[in-house]
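Participant: final_34.cif is reproduced in full below (mmCIF, C-alpha atoms and all ligand atoms).
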```cif
data_my_file
#
loop_
_atom_site.label_atom_id
_atom_site.label_comp_id
_atom_site.auth_asym_id
_atom_site.auth_seq_id
_atom_site.Cartn_x
_atom_site.Cartn_y
_atom_site.Cartn_z
CA MET A 560 0.00 0.00 0.00
CA ALA A 561 3.04 2.29 0.40
CA ASP A 562 2.77 3.69 -3.12
CA ALA A 563 -1.01 3.56 -3.32
CA HIS A 564 -2.83 6.71 -4.27
CA ARG A 565 -4.02 8.66 -1.22
CA LEU A 566 -5.95 11.91 -1.20
CA SER A 567 -5.29 14.59 1.42
CA PRO A 568 -7.53 17.62 2.02
CA SER A 569 -4.98 19.98 0.47
CA SER A 570 -4.72 17.83 -2.68
CA TRP A 571 -8.49 17.63 -2.83
CA ASN A 572 -8.78 21.40 -2.53
CA ARG A 573 -6.22 21.85 -5.28
CA TYR A 574 -8.19 19.46 -7.49
CA GLU A 575 -11.44 21.33 -6.81
CA THR A 576 -9.77 24.64 -7.66
CA CYS A 577 -8.39 23.35 -10.94
CA PRO A 578 -7.77 19.69 -11.88
CA ARG A 579 -4.79 20.72 -14.03
CA MET A 580 -3.25 22.53 -11.06
CA TYR A 581 -3.56 19.34 -9.01
CA TRP A 582 -2.05 17.28 -11.85
CA LEU A 583 0.88 19.68 -12.30
CA SER A 584 1.55 19.62 -8.57
CA ARG A 585 2.22 15.87 -8.89
CA GLN A 586 4.72 16.08 -11.74
CA GLY A 587 7.87 16.75 -9.72
CA LEU A 588 8.17 20.34 -10.95
CA PRO A 589 10.29 22.79 -8.94
CA ARG A 590 8.38 23.74 -5.82
CA LYS A 591 7.85 27.27 -4.56
CA ALA A 592 8.34 28.45 -0.99
CA GLY A 593 6.23 31.26 0.42
CA MET A 594 6.86 33.38 3.48
CA ALA A 595 3.27 33.06 4.76
CA ALA A 596 3.39 29.24 4.63
CA SER A 597 6.80 29.11 6.34
CA LEU A 598 5.60 31.46 9.06
CA GLY A 599 2.49 29.31 9.60
CA THR A 600 4.54 26.11 9.81
CA ALA A 601 6.87 27.64 12.41
CA ILE A 602 3.90 28.70 14.56
CA HIS A 603 2.24 25.28 14.26
CA ALA A 604 5.39 23.40 15.12
CA SER A 605 6.26 25.57 18.14
CA ILE A 606 2.76 25.16 19.59
CA GLU A 607 3.04 21.40 19.10
CA ASP A 608 6.42 21.46 20.84
CA LEU A 609 4.82 23.17 23.83
CA LEU A 610 2.05 20.60 23.92
CA ASN A 611 4.41 17.65 23.63
CA MET A 612 7.07 18.78 26.10
CA ASP A 613 7.54 16.90 29.32
CA ILE A 614 6.95 19.20 32.30
CA SER A 615 6.54 16.49 34.90
CA ASP A 616 9.63 17.64 36.81
CA ARG A 617 8.46 21.26 37.15
CA PRO A 618 6.83 22.20 40.47
CA LYS A 619 3.06 22.52 39.92
CA ALA A 620 2.99 26.16 41.02
CA SER A 621 6.02 27.27 39.01
CA MET A 622 5.31 30.07 36.56
CA GLY A 623 7.17 32.53 34.34
CA TRP A 624 8.90 29.85 32.26
CA LEU A 625 6.37 29.24 29.48
CA PRO A 626 6.89 32.42 27.41
CA GLU A 627 10.64 31.86 27.33
CA VAL A 628 10.43 28.14 26.50
CA GLY A 629 7.74 28.78 23.88
CA GLU A 630 9.73 31.51 22.19
CA ALA A 631 12.83 29.30 22.14
CA PHE A 632 10.78 26.59 20.39
CA LEU A 633 9.50 29.20 17.97
CA LYS A 634 13.01 30.47 17.24
CA ASP A 635 14.24 26.92 16.50
CA ARG A 636 11.29 26.26 14.18
CA TRP A 637 11.71 29.68 12.52
CA ASN A 638 15.35 28.86 11.75
CA GLU A 639 14.39 25.40 10.45
CA GLU A 640 11.83 26.99 8.15
CA LYS A 641 14.35 29.58 6.98
CA THR A 642 16.75 26.81 5.94
CA ALA A 643 13.98 24.86 4.21
CA PHE A 644 12.84 28.06 2.46
CA HIS A 645 16.29 28.69 1.01
CA ASP A 646 16.63 25.02 0.03
CA THR A 647 13.39 25.19 -2.00
CA PRO A 648 14.15 25.72 -5.68
CA ARG A 649 11.79 28.66 -6.13
CA HIS A 650 11.91 31.11 -3.26
CA GLY A 651 11.89 34.83 -2.75
CA ARG A 652 13.50 36.82 0.02
CA TRP A 653 13.18 35.60 3.60
CA LYS A 654 11.65 38.41 5.64
CA ASP A 655 13.16 38.52 9.12
CA ASP A 656 10.91 41.48 9.92
CA ARG A 657 7.94 39.07 10.01
CA TRP A 658 9.28 37.53 13.22
CA LYS A 659 6.88 39.79 15.17
CA GLU A 660 3.95 38.18 13.34
CA ALA A 661 5.30 34.75 14.21
CA VAL A 662 5.49 35.69 17.89
CA ASP A 663 1.95 37.07 17.81
CA GLY A 664 0.61 33.93 16.07
CA HIS A 665 2.40 31.71 18.58
CA ARG A 666 0.88 33.68 21.47
CA GLY A 667 -2.51 33.51 19.75
CA GLY A 668 -2.26 29.71 19.70
CA ILE A 669 -1.51 29.69 23.44
CA ASP A 670 -4.46 32.01 24.12
CA LEU A 671 -6.78 29.65 22.23
CA LEU A 672 -5.50 26.66 24.19
CA LEU A 673 -6.01 28.49 27.48
CA ARG A 674 -9.55 29.33 26.45
CA TRP A 675 -10.09 25.64 25.72
CA VAL A 676 -9.54 24.90 29.42
CA GLY A 677 -11.67 27.86 30.50
CA VAL A 678 -8.97 30.44 31.15
CA GLU A 679 -9.37 33.83 29.48
CA GLY A 680 -6.97 36.78 29.31
CA LEU A 681 -4.22 35.34 31.52
CA ALA A 682 -0.73 36.83 31.03
CA HIS A 683 1.48 34.03 29.77
CA ASN A 684 4.05 34.51 32.50
CA ARG A 685 1.27 33.58 34.97
CA ILE A 686 0.75 30.14 33.41
CA THR A 687 1.72 27.52 35.96
CA ALA A 688 2.97 24.01 35.27
CA ALA A 689 -0.32 22.73 36.73
CA LEU A 690 -2.33 24.79 34.27
CA TRP A 691 -0.23 23.77 31.28
CA SER A 692 -0.54 20.11 32.34
CA ARG A 693 -4.31 20.60 32.27
CA VAL A 694 -4.02 21.85 28.70
CA GLN A 695 -1.82 18.91 27.74
CA GLU A 696 -4.15 16.38 29.36
CA ARG A 697 -7.01 17.56 27.21
CA MET A 698 -5.13 16.66 24.01
CA LEU A 699 -6.02 13.29 22.50
CA ALA A 700 -3.56 13.78 19.65
CA VAL A 701 -1.16 16.47 18.46
CA GLU A 702 -0.26 16.50 14.74
CA GLY A 703 -1.76 13.02 14.46
CA GLU A 704 -1.97 11.08 11.23
CA LEU A 705 -5.50 10.15 10.25
CA ILE A 706 -5.98 7.60 7.48
CA SER A 707 -9.15 5.91 6.29
CA ARG A 708 -9.28 2.15 6.86
CA ASP A 709 -8.92 1.48 3.14
CA GLY A 710 -5.91 3.83 2.97
CA ARG A 711 -7.44 6.05 0.28
CA LEU A 712 -7.98 9.21 2.29
CA GLY A 713 -5.65 10.71 4.85
CA GLY A 714 -3.91 13.69 6.33
CA ARG A 715 -2.55 15.13 9.54
CA VAL A 716 -4.79 16.67 12.18
CA ASP A 717 -3.25 19.55 14.13
CA LEU A 718 -5.11 18.89 17.37
CA LEU A 719 -7.66 16.37 18.54
CA LEU A 720 -9.15 17.63 21.78
CA ASN A 721 -11.17 16.03 24.50
CA GLU A 722 -14.20 18.05 25.60
CA VAL A 723 -15.33 17.17 29.09
CA ASP A 724 -18.24 18.02 31.38
CA ASP A 725 -18.05 19.24 34.99
CA GLN A 726 -17.36 15.69 36.17
CA GLY A 727 -14.49 15.29 33.73
CA GLN A 728 -16.46 12.90 31.51
CA THR A 729 -15.85 13.10 27.76
CA VAL A 730 -18.76 14.71 25.93
CA ALA A 731 -17.15 15.36 22.54
CA TRP A 732 -14.02 15.12 20.46
CA VAL A 733 -13.00 18.30 18.71
CA VAL A 734 -10.78 18.38 15.64
CA ALA A 735 -9.02 21.76 15.68
CA ASP A 736 -6.93 23.09 12.86
CA LEU A 737 -4.68 26.04 13.72
CA LYS A 738 -4.98 28.76 11.11
CA THR A 739 -2.42 31.52 10.98
CA GLY A 740 -3.80 33.36 7.96
CA ARG A 741 -6.55 35.89 7.54
CA THR A 742 -9.62 35.44 9.74
CA PRO A 743 -12.86 34.47 7.92
CA GLU A 744 -15.32 37.17 7.04
CA GLY A 745 -18.71 35.91 8.14
CA LYS A 746 -18.05 32.23 7.46
CA LEU A 747 -15.25 29.76 6.77
CA LYS A 748 -13.84 29.67 3.27
CA PRO A 749 -15.21 26.62 1.38
CA GLU A 750 -11.77 24.96 1.18
CA VAL A 751 -11.22 25.30 4.93
CA ASP A 752 -14.73 24.02 5.64
CA ARG A 753 -14.08 21.06 3.32
CA GLN A 754 -10.79 20.25 5.01
CA LEU A 755 -12.30 20.34 8.51
CA ARG A 756 -15.26 18.18 7.52
CA PHE A 757 -12.87 15.73 5.85
CA TYR A 758 -11.05 15.15 9.15
CA ARG A 759 -14.23 15.05 11.20
CA ASP A 760 -15.92 12.50 8.94
CA LEU A 761 -12.80 10.37 8.65
CA LEU A 762 -12.46 10.28 12.40
CA LEU A 763 -16.10 9.23 12.74
CA ALA A 764 -15.75 6.56 10.04
CA ASN A 765 -12.70 5.09 11.80
CA ASN A 766 -14.29 5.35 15.26
CA PRO A 767 -17.96 4.42 15.00
CA ASP A 768 -18.28 4.53 18.80
CA ALA A 769 -16.84 8.04 19.09
CA PRO A 770 -18.79 10.61 21.10
CA ASN A 771 -19.99 13.74 19.33
CA VAL A 772 -17.31 14.97 16.97
CA ARG A 773 -17.03 18.50 15.64
CA ALA A 774 -14.35 20.32 13.70
CA GLU A 775 -13.15 23.88 14.16
CA GLY A 776 -10.70 26.29 12.60
CA TRP A 777 -8.72 28.10 15.28
CA TYR A 778 -7.51 31.48 14.02
CA THR A 779 -4.46 32.71 15.87
CA LEU A 780 -4.58 36.23 14.42
CA ASN A 781 -7.65 37.37 16.36
CA ARG A 782 -8.05 34.34 18.64
CA THR A 783 -11.39 33.20 17.21
CA THR A 784 -12.74 29.72 16.52
CA TRP A 785 -15.01 28.79 13.64
CA ARG A 786 -17.04 25.60 13.44
CA ALA A 787 -17.30 23.59 10.21
CA SER A 788 -20.71 23.05 8.66
CA ASN A 789 -22.63 19.82 9.22
CA ASP A 790 -22.84 18.26 5.77
CA GLY A 791 -20.89 15.04 5.33
CA VAL A 792 -18.12 14.95 2.74
CA LEU A 793 -16.86 11.38 2.53
CA GLU A 794 -18.87 10.48 -0.57
CA ASP A 795 -17.45 13.51 -2.38
CA ALA A 796 -13.98 12.75 -1.05
CA TYR A 797 -14.08 9.23 -2.50
CA ALA A 798 -15.32 10.62 -5.82
CA ALA A 799 -12.35 13.02 -5.80
CA TRP A 800 -10.03 10.11 -4.95
CA GLU A 801 -11.28 8.31 -8.10
CA ALA A 802 -10.86 11.41 -10.23
CA THR A 803 -7.32 12.10 -9.03
CA GLN A 804 -5.78 8.73 -9.89
CA PRO A 805 -2.26 9.20 -11.26
CA THR A 806 -2.37 9.56 -15.01
CA GLU A 807 0.07 10.40 -17.79
CA VAL A 808 -2.56 12.52 -19.50
CA PRO A 809 -2.91 15.98 -17.94
CA LEU A 810 -6.23 16.60 -16.22
CA GLU A 811 -8.49 19.30 -17.61
CA PRO A 812 -7.72 22.93 -16.73
CA THR A 813 -10.41 25.23 -15.34
CA PRO A 814 -8.90 28.67 -15.90
CA GLY A 815 -10.64 31.59 -14.26
CA PRO A 816 -10.35 34.31 -11.64
CA ASN A 817 -10.57 31.90 -8.70
CA SER A 818 -8.02 29.42 -10.07
CA CYS A 819 -5.38 31.19 -12.16
CA GLY A 820 -6.15 34.52 -10.55
CA GLY A 821 -3.24 34.67 -8.18
CA PHE A 822 -2.33 31.54 -6.34
CA CYS A 823 -1.46 28.91 -8.92
CA ASP A 824 2.24 28.04 -8.65
CA TRP A 825 2.29 26.19 -11.96
CA LYS A 826 1.57 28.87 -14.54
CA ALA A 827 4.94 28.45 -16.28
CA TRP A 828 3.85 24.90 -17.19
CA CYS A 829 0.26 25.72 -18.17
CA GLY A 830 -0.65 27.64 -21.29
CA HIS A 831 -4.30 28.08 -20.42
CA TRP A 832 -4.06 31.05 -18.07
CA LEU A 833 -2.52 33.22 -20.82
CA ARG A 834 -5.34 32.41 -23.22
CA TRP A 835 -7.92 33.06 -20.49
CA ARG A 836 -6.33 36.35 -19.45
CA HIS A 837 -6.07 37.52 -23.01
CA ASP A 838 -9.60 36.53 -24.01
CA SER A 839 -11.13 38.03 -20.88
CA GLY A 840 -9.27 41.32 -21.35
CA ARG A 841 -7.30 40.94 -18.11
CA LEU A 842 -3.72 40.93 -19.40
CA ASP A 843 -3.09 44.32 -17.82
CA GLU A 844 -5.14 43.91 -14.67
CA GLY A 845 -3.64 44.67 -11.25
CA ASP A 846 -0.32 46.05 -10.08
CA PHE A 847 1.33 42.61 -9.92
CA ARG A 848 1.20 40.86 -13.27
CA ASP A 849 2.27 37.64 -14.95
CA ALA A 850 3.56 37.68 -18.50
CA VAL A 851 5.34 35.62 -21.09
CA VAL A 852 8.08 37.67 -22.75
CA ARG A 853 10.98 37.49 -25.14
CA VAL A 854 13.99 39.69 -24.57
CA VAL A 855 14.57 41.93 -27.57
CA ARG A 856 17.26 44.27 -26.28
CA ARG A 857 19.61 44.24 -23.36
CA PRO A 858 22.47 46.71 -23.29
CA ALA A 859 25.67 45.00 -22.08
CA GLY A 860 25.80 44.73 -18.30
CA SER A 861 22.43 46.43 -17.87
CA SER A 862 19.66 45.22 -15.60
CA THR A 863 17.10 47.11 -17.66
CA VAL A 864 15.75 44.96 -20.45
CA GLU A 865 13.41 45.65 -23.33
CA VAL A 866 11.00 42.78 -23.88
CA GLU A 867 8.25 41.85 -26.29
CA ARG A 868 5.17 40.66 -24.46
CA LEU A 869 3.90 37.49 -26.06
CA LEU A 870 0.28 36.60 -26.74
CA PRO A 871 -1.39 33.19 -26.88
CA GLY A 872 -0.99 31.43 -30.21
CA GLU A 873 -3.12 28.73 -31.84
CA GLY A 874 -2.69 25.79 -29.47
CA PRO A 875 -2.36 25.56 -25.69
CA GLY A 876 0.93 27.03 -24.60
CA GLU A 877 1.88 28.40 -28.02
CA VAL A 878 2.89 32.05 -27.98
CA VAL A 879 3.34 34.69 -30.66
CA ASP A 880 4.66 38.24 -30.76
CA GLY A 881 2.13 41.05 -30.60
CA GLY A 882 1.67 42.12 -26.98
CA GLY A 883 3.84 45.20 -27.43
CA ARG A 884 7.20 46.18 -26.03
CA CYS A 885 7.94 47.25 -22.51
CA SER A 886 10.88 47.94 -20.26
CA MET A 887 11.61 45.70 -17.27
CA LEU A 888 14.06 46.31 -14.47
CA PHE A 889 15.49 43.08 -13.02
CA VAL A 890 16.93 43.23 -9.53
CA GLY A 891 18.43 40.78 -7.01
CA SER A 892 17.94 37.07 -7.65
CA ALA A 893 15.59 37.85 -10.57
CA LEU A 894 18.55 39.28 -12.49
CA GLU A 895 20.61 36.15 -11.80
CA LYS A 896 17.76 33.96 -13.04
CA LEU A 897 17.42 36.07 -16.18
CA ASP A 898 21.17 35.78 -16.84
CA ALA A 899 21.03 32.00 -16.49
CA LEU A 900 18.08 31.70 -18.88
CA MET A 901 19.64 34.02 -21.45
CA ASP A 902 22.90 32.07 -21.31
CA GLU A 903 20.95 29.01 -22.40
CA ASP A 904 18.85 30.60 -25.10
CA ALA A 905 18.62 34.39 -25.33
CA ALA A 906 15.57 34.30 -27.63
CA ALA A 907 13.44 31.73 -25.76
CA PRO A 908 10.14 32.77 -24.15
CA ILE A 909 10.35 33.47 -20.43
CA PHE A 910 7.58 33.34 -17.85
CA ILE A 911 7.60 36.28 -15.44
CA GLY A 912 5.37 35.87 -12.38
CA SER A 913 4.11 38.72 -10.17
CA ALA A 914 6.15 41.58 -11.63
CA LEU A 915 5.28 45.00 -10.21
CA ALA A 916 3.76 46.79 -13.19
CA LYS A 917 3.26 50.28 -11.80
CA GLY A 918 4.54 53.17 -13.89
CA HIS A 919 6.33 52.95 -17.22
CA GLN A 920 8.75 50.22 -16.19
CA TRP A 921 7.95 46.77 -14.75
CA ARG A 922 9.99 45.78 -11.73
CA VAL A 923 11.06 42.15 -11.45
CA GLY A 924 12.61 41.26 -8.09
CA ASP A 925 13.24 38.54 -5.53
CA TRP A 926 9.53 37.90 -5.07
CA CYS A 927 9.04 37.02 -8.77
CA ASP A 928 9.19 33.82 -10.76
CA VAL A 929 11.57 34.02 -13.71
CA LEU A 930 11.24 30.65 -15.41
CA PRO A 931 11.56 29.08 -18.83
CA TRP A 932 8.17 28.98 -20.53
CA THR A 933 7.55 25.24 -20.97
CA PRO A 934 3.81 24.61 -20.92
CA HIS A 935 2.15 21.32 -21.81
CA ALA A 936 0.76 21.38 -25.31
CA VAL A 937 -2.67 20.09 -24.29
S1 LIG B 1 -2.69 28.39 -14.53
FE1 LIG B 1 -4.92 28.29 -14.21
S2 LIG B 1 -5.65 26.73 -15.62
FE2 LIG B 1 -3.45 26.48 -15.41
S3 LIG B 1 -3.16 24.99 -13.81
FE3 LIG B 1 -3.06 26.97 -12.85
S4 LIG B 1 -5.13 27.38 -12.18
FE4 LIG B 1 -5.25 25.72 -13.65
#
```
Show me the file's structure as structure tokens.

Facilitator:
Amino acid sequence: MADAHRLSPSSWNRYETCPRMYWLSRQGLPRKAGMAASLGTAIHASIEDLLNMDISDRPKASMGWLPEVGEAFLKDRWNEEKTAFHDTPRHGRWKDDRWKEAVDGHRGGIDLLLRWVGVEGLAHNRITAALWSRVQERMLAVEGELISRDGRLGGRVDLLLNEVDDQGQTVAWVVADLKTGRTPEGKLKPEVDRQLRFYRDLLLANNPDAPNVRAEGWYTLNRTTWRASNDGVLEDAYAAWEATQPTEVPLEPTPGPNSCGGFCDWKAWCGHWLRWRHDSGRLDEGDFRDAVVRVVRRPAGSSTVEVERLLPGEGPGEVVDGGGRCSMLFVGSALEKLDALMDEDAAAPIFIGSALAKGHQWRVGDWCDVLPWTPHAV
């Protein structure tokens, strides 16, 4: 079963957003690191470290140690993430100035855990070993793997919590997923709701005698919790498992504002977004733009380059001249990437992702993709 196809909530969400995006994500293409994801992982891991640490030798009444220990965990995880970020083939600039956000998210996670045991607004240096033990005792699992009995569905649950009544008797299990991003406006985003219901229903399927089970998103930014909706998802999850079987043939693309419009990491390998952007009149929308270009003039040693913007040709991924000329300023690692590509083939089309297109000159910097344009011809 080791190599058998298994669907996780994040893969499922990717498939629902655009089947081609899901398919491309499985092709071993160079991965992209993002600061927000690294920051979130560091917060998650440091909270888990606090929950897993052995405090049995601390006097029950001792306090003042948790903020320092927690921040040391966070620092270690932050540094781990920084290394992983720089080891990822496509990465921008690591932003040390976001450390403050990491500290705030970490503290937000602690606040949510304190609330879980009925403690509100307590300064963290007042947390005693006895109180933190109470928090730890209410964890049934931390970062636990959850896999369906047939092995087809699975993922990792951040926290599985035990809800108890006044007598300490279990009344419910709560699946909680720590969220370090933007807080929902009015209701959970569909992909988060789907993910939470996936874990809840899987847990119930594996444990038919479980008490009540509910799933919640715990948002560290403003310390709020959001409950998933009731509808079951396992039938849909198994349908998605069928549809996402590994295949040589690329899955269908579903280009559009909610799929290509920002967060697809695989545009350099997909010709469909360019056609969609062109046909919907959105080539020049927004301050940060993607483009396929060909360098037409580069004065020796200059970081300012004149490019021809390319337009979609006949078939998927084909490009032709005609988008007009513009000037681009390449800085930092973007300039190094441009140099490497031009050394290979100075006339080949290049994909530029997220260039700042304000004013007469586009700015292409560390935050941008500068990749060979190699889309699939289907
Ligand atoms: S660029 Fe758009 S159509 Fe292509 S894979 Fe990404 S989301 Fe799908």

Participant: Closest to ligand LIG 1 (chain B) among A:Arg857, A:Arg579, A:Arg674, A:Arg711, using all atoms listed in the file?

Facilitator: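 Closest to ligand LIG 1 (chain B), using all atoms listed in the file: A:Arg579.
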
Participant: Counting all atoms listed in the file, which residues come within 6 Å of (16.9, 36.3, -3.8), with the point read in the file's coordinates, and could you list them as a PyMOL selection string?

Facilitator: chain A and resi 651-652+891-892+925

Participant: How would you write, as a ChimeraX atom specification, the set of residues no farther than 12 Å from ligand LIG 1 (chain B) when counting only C-alpha atoms and all ligand atoms?

Facilitator: /A:572-585,809-836,849-850,875-876,910,912,934-937

Participant: Determine the nearest neighbour of Asp670 (chain A) from the options A:Ile606, A:Leu747, A:Leu633, A:Ala620, counting all atoms listed in the file.

Facilitator: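 The answer is A:Ile606, which sits nearest to Asp670 (chain A).
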
Participant: Padding 3 Å on each side, edges along x, y and z: where is the centre of the box around the listed atoms of region 606-621 of chain A, and how long are its edges in Å to one decimal? Output it as JSON.

Facilitator:
```
{"center_x": 5.8, "center_y": 21.9, "center_z": 30.1, "size_x": 13.6, "size_y": 16.8, "size_z": 27.9}
```

Participant: Have a look at A:Arg617, A:Arg753, A:Arg782, A:Arg693 and name the one nearest to Gly680 (chain A); count all atoms listed in the file.

Facilitator: A:Arg782

Participant: Env of Trp658 (chain A): 9 Å cut, atoms = all atoms listed in the file, seq-sep filter 6 positions within chain, self excluded. Answer as a ChimeraX atom specification.

Facilitator: /A:598,634,637

Participant: Counting all atoms listed in the file, what is within 7 Å of Tyr778 (chain A), bar same-chain residues fewer than 2 positions away, as a PDB file with C-alpha atoms, in the frame of the given file?

Facilitator:
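The file below, selection11.pdb, is the result:
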```pdb
ATOM      1  CA  LEU A 737      -4.680  26.040  13.720  1.00  0.00           C
ATOM      2  CA  LYS A 738      -4.980  28.760  11.110  1.00  0.00           C
ATOM      3  CA  THR A 739      -2.420  31.520  10.980  1.00  0.00           C
ATOM      4  CA  THR A 742      -9.620  35.440   9.740  1.00  0.00           C
ATOM      5  CA  GLY A 776     -10.700  26.290  12.600  1.00  0.00           C
ATOM      6  CA  LEU A 780      -4.580  36.230  14.420  1.00  0.00           C
ATOM      7  CA  ASN A 781      -7.650  37.370  16.360  1.00  0.00           C
ATOM      8  CA  ARG A 782      -8.050  34.340  18.640  1.00  0.00           C
ATOM      9  CA  THR A 783     -11.390  33.200  17.210  1.00  0.00           C
ATOM     10  CA  THR A 784     -12.740  29.720  16.520  1.00  0.00           C
TER      11      THR A 784
END
```

Participant: In Å, with one decimal, what is the gap from CA of Ala906 (chain A) to CA of Glu867 (chain A)?

Facilitator: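 These two atoms are separated by 10.6 Å.
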
Participant: Could you give me, as an MDAnalysis selection string, the residues that sit within 12 Å of (1.3, 8.0, -2.8) in the file's coordinates, counting all atoms listed in the file?

Facilitator: chainID A and resid 560:567 570 585 710:714 800 803:805

Participant: Between A:Gly587, A:Gly845, A:Pro626, A:Gly740, which one has atoms that come closest to Ser913 (chain A), using only C-alpha atoms?

Facilitator: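 Smallest separation from Ser913 (chain A) among the options: A:Gly845.
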
Participant: Considering only C-alpha atoms, state which residue in the set A:Ala601, A:Leu842, A:Ile909, A:Ala899 is at the smallest distance from Val854 (chain A).

Facilitator: A:Ile909
